[in-house]
Amino acid sequence: GVLYPLYWLFSNAVKVPAEYLQSPPVLIPSRVTMENFTAIFEKYGATRGLINTAIVALVTTVICVFLGSLAAYAIAKGTMARKIRNIFALCFMVQKMYPAISVAIPVYLVMLKLKLIDTPLALIIMNTSFNLPLVVWLMIGFFQDVPSEMEQSGKIDGCSMWQRFIYLVLPITKPGLVASGILTFVAAWNEFLFAAILSINKAKTLSISIAGFITDRGLEWGPMAAMGVIMIIPVTILVWIVQKDFVAGLAMGSVKE
């Protein structure tokens, strides 16, 4: 059941127009064509969309993992009382859970005032603000699981807090960093709402380009499917490469009482 939509997407991407518009639907293409892929790069600006999407997703992931891990470490290993740490975790989760559409108009007005409309920076700011709380919440659990004795031994050896964080704590929490990074990357890669609000042409991402195939004259199924394939492949490859650490991170990560 899960594979059939993917098959339908890939098959439509390589069908000729007469077949992906035919009724009843053609399940198996009579001939494979790459015209749809050629069209999206030459006619529909898939290259710019792919570059913009990659920049936004990568920069957002780096910022969220870096700042999120620092914040989570401070909350988990700092001098705060346990109740205060739990309140921080709850605040991060509430911020992650409220509907993004509720702040769409204020965000647009702020970005307009800052002259950031139709720039990748605007999308990076918004994706970071919505994904950073999740990274903090996930990483708190991993840092709480790091044995205090390990850090104490680092102190005895003369390691500063930064050295203990980088050389002792981060290697142990690698699965958590990978899981947080993948979740952030996928969320930023697929983000649609703020990309639709804040981008016009120069900063248009792949998710907006796909929506552009829905017109008053109908749907251009072939190019839309080809754009969908282009959007799926990089994320699939990335998750496949780091799948071991990703699964371990999802299985291990939780906030302990």
# chains A, B, ... in the order shown; residues from 1 in each chain; ligands from 1

$ residues_around --residues "Pro17 of chain A" --least-positions-apart "2" --cutoff "10 Å" --atoms "only C-alpha atoms" --output "list of chain:residue names"
A:Asn12, A:Ala13, A:Val14, A:Lys15, A:Glu19, A:Tyr20, A:Leu21, A:Gln22, A:Glu35, A:Asn36, A:Glu220, A:Trp221, A:Gly222, A:Pro223

$ write_last_selection --atoms "N, CA and C atoms" --output "tab-separated table (two decimals), in the first residue's frame"
chain	number	residue	atom	x	y	z
A	12	ASN	N	4.33	8.02	-13.68
A	12	ASN	CA	3.82	9.22	-14.35
A	12	ASN	C	4.96	10.13	-14.80
A	13	ALA	N	6.06	10.10	-14.07
A	13	ALA	CA	7.19	10.95	-14.43
A	13	ALA	C	7.84	10.53	-15.75
A	14	VAL	N	7.67	9.27	-16.14
A	14	VAL	CA	8.31	8.78	-17.37
A	14	VAL	C	7.30	8.44	-18.46
A	15	LYS	N	6.02	8.83	-18.27
A	15	LYS	CA	5.00	8.58	-19.28
A	15	LYS	C	4.93	9.74	-20.27
A	19	GLU	N	-0.50	9.17	-22.19
A	19	GLU	CA	-0.71	8.07	-21.25
A	19	GLU	C	-1.02	8.55	-19.84
A	20	TYR	N	-0.37	9.63	-19.36
A	20	TYR	CA	-0.70	10.06	-18.00
A	20	TYR	C	-2.01	10.85	-17.95
A	21	LEU	N	-2.57	11.19	-19.13
A	21	LEU	CA	-3.89	11.83	-19.17
A	21	LEU	C	-5.00	10.86	-19.56
A	22	GLN	N	-4.63	9.64	-19.87
A	22	GLN	CA	-5.60	8.67	-20.38
A	22	GLN	C	-6.53	8.15	-19.28
A	35	GLU	N	11.28	13.22	-21.17
A	35	GLU	CA	10.87	14.56	-21.57
A	35	GLU	C	10.40	15.39	-20.38
A	36	ASN	N	9.71	14.77	-19.45
A	36	ASN	CA	9.21	15.51	-18.29
A	36	ASN	C	10.35	16.05	-17.43
A	220	GLU	N	-0.67	19.57	-14.81
A	220	GLU	CA	0.37	19.02	-15.68
A	220	GLU	C	1.02	17.86	-14.94
A	221	TRP	N	0.38	16.69	-15.10
A	221	TRP	CA	0.77	15.54	-14.29
A	221	TRP	C	2.20	15.08	-14.52
A	222	GLY	N	2.65	15.06	-15.74
A	222	GLY	CA	3.99	14.57	-16.04
A	222	GLY	C	5.08	15.40	-15.40
A	223	PRO	N	5.15	16.71	-15.68
A	223	PRO	CA	6.17	17.54	-15.03
A	223	PRO	C	6.03	17.58	-13.51

$ closest_atom_pairs --of "segment 186-213 of chain A" --to "segment 106-124 of chain A" --cutoff "6 Å" --atoms "only C-alpha atoms" --output "Markdown table"
| residue | atom | partner | partner_atom | distance |
| --- | --- | --- | --- | --- |
| A:Leu198 | CA | A:Ile117 | CA | 5.2 |
| A:Ser199 | CA | A:Asp118 | CA | 4.1 |
| A:Ile200 | CA | A:Asp118 | CA | 5.4 |
| A:Lys202 | CA | A:Asp118 | CA | 6.0 |
| A:Ala203 | CA | A:Asp118 | CA | 5.1 |

$ select_by_dssp --residues "segment 28-237 of chain A" --states "helix (DSSP H, G or I)" --output "PyMOL selection string"
chain A and resi 35-42+46-77+82-97+100-113+120-144+148-156+161-172+174-190+193-198+206-211+221-237

$ closest_atom_pairs --of "segment 84-124 of chain A" --to "segment 63-79 of chain A" --cutoff "10 Å" --atoms "only C-alpha atoms" --output "Markdown table"
| residue | atom | partner | partner_atom | distance |
| --- | --- | --- | --- | --- |
| A:Ile84 | CA | A:Ile75 | CA | 8.7 |
| A:Arg85 | CA | A:Ile75 | CA | 5.8 |
| A:Asn86 | CA | A:Ile75 | CA | 9.0 |
| A:Phe88 | CA | A:Ile75 | CA | 7.8 |
| A:Ala89 | CA | A:Ile75 | CA | 8.7 |
| A:Ile124 | CA | A:Ile63 | CA | 9.2 |

$ closest_residue --among "A:Ala188, A:Leu193, A:Arg217, A:Glu149" --to "Thr53 of chain A" --atoms "only C-alpha atoms"
A:Ala188

$ residues_around --residues "Ile210 of chain A" --least-positions-apart "6" --cutoff "9 Å" --atoms "only C-alpha atoms" --output "list in words"
Pro223, Met224, Ala225, Met227 and Gly228 of chain A

$ closest_residue --among "A:Cys91, A:Val32, A:Met97, A:Ala57" --to "Val16 of chain A" --atoms "only C-alpha atoms"
A:Val32

$ closest_residue --among "A:Arg48, A:Ala226, A:Val242, A:Pro234" --to "Leu9 of chain A" --atoms "only C-alpha atoms"
A:Ala226

$ atom_distance --atom1 "atom CA of Ile140 of chain A" --atom2 "atom CA of Val169 of chain A"
12.2 Å

$ atom_distance --atom1 "atom CA of Tyr167 of chain A" --atom2 "atom CA of Phe92 of chain A"
26.9 Å

$ closest_residue --among "A:Val235, A:Ala18, A:Ile87, A:Ile40" --to "Phe185 of chain A" --atoms "only C-alpha atoms"
A:Val235
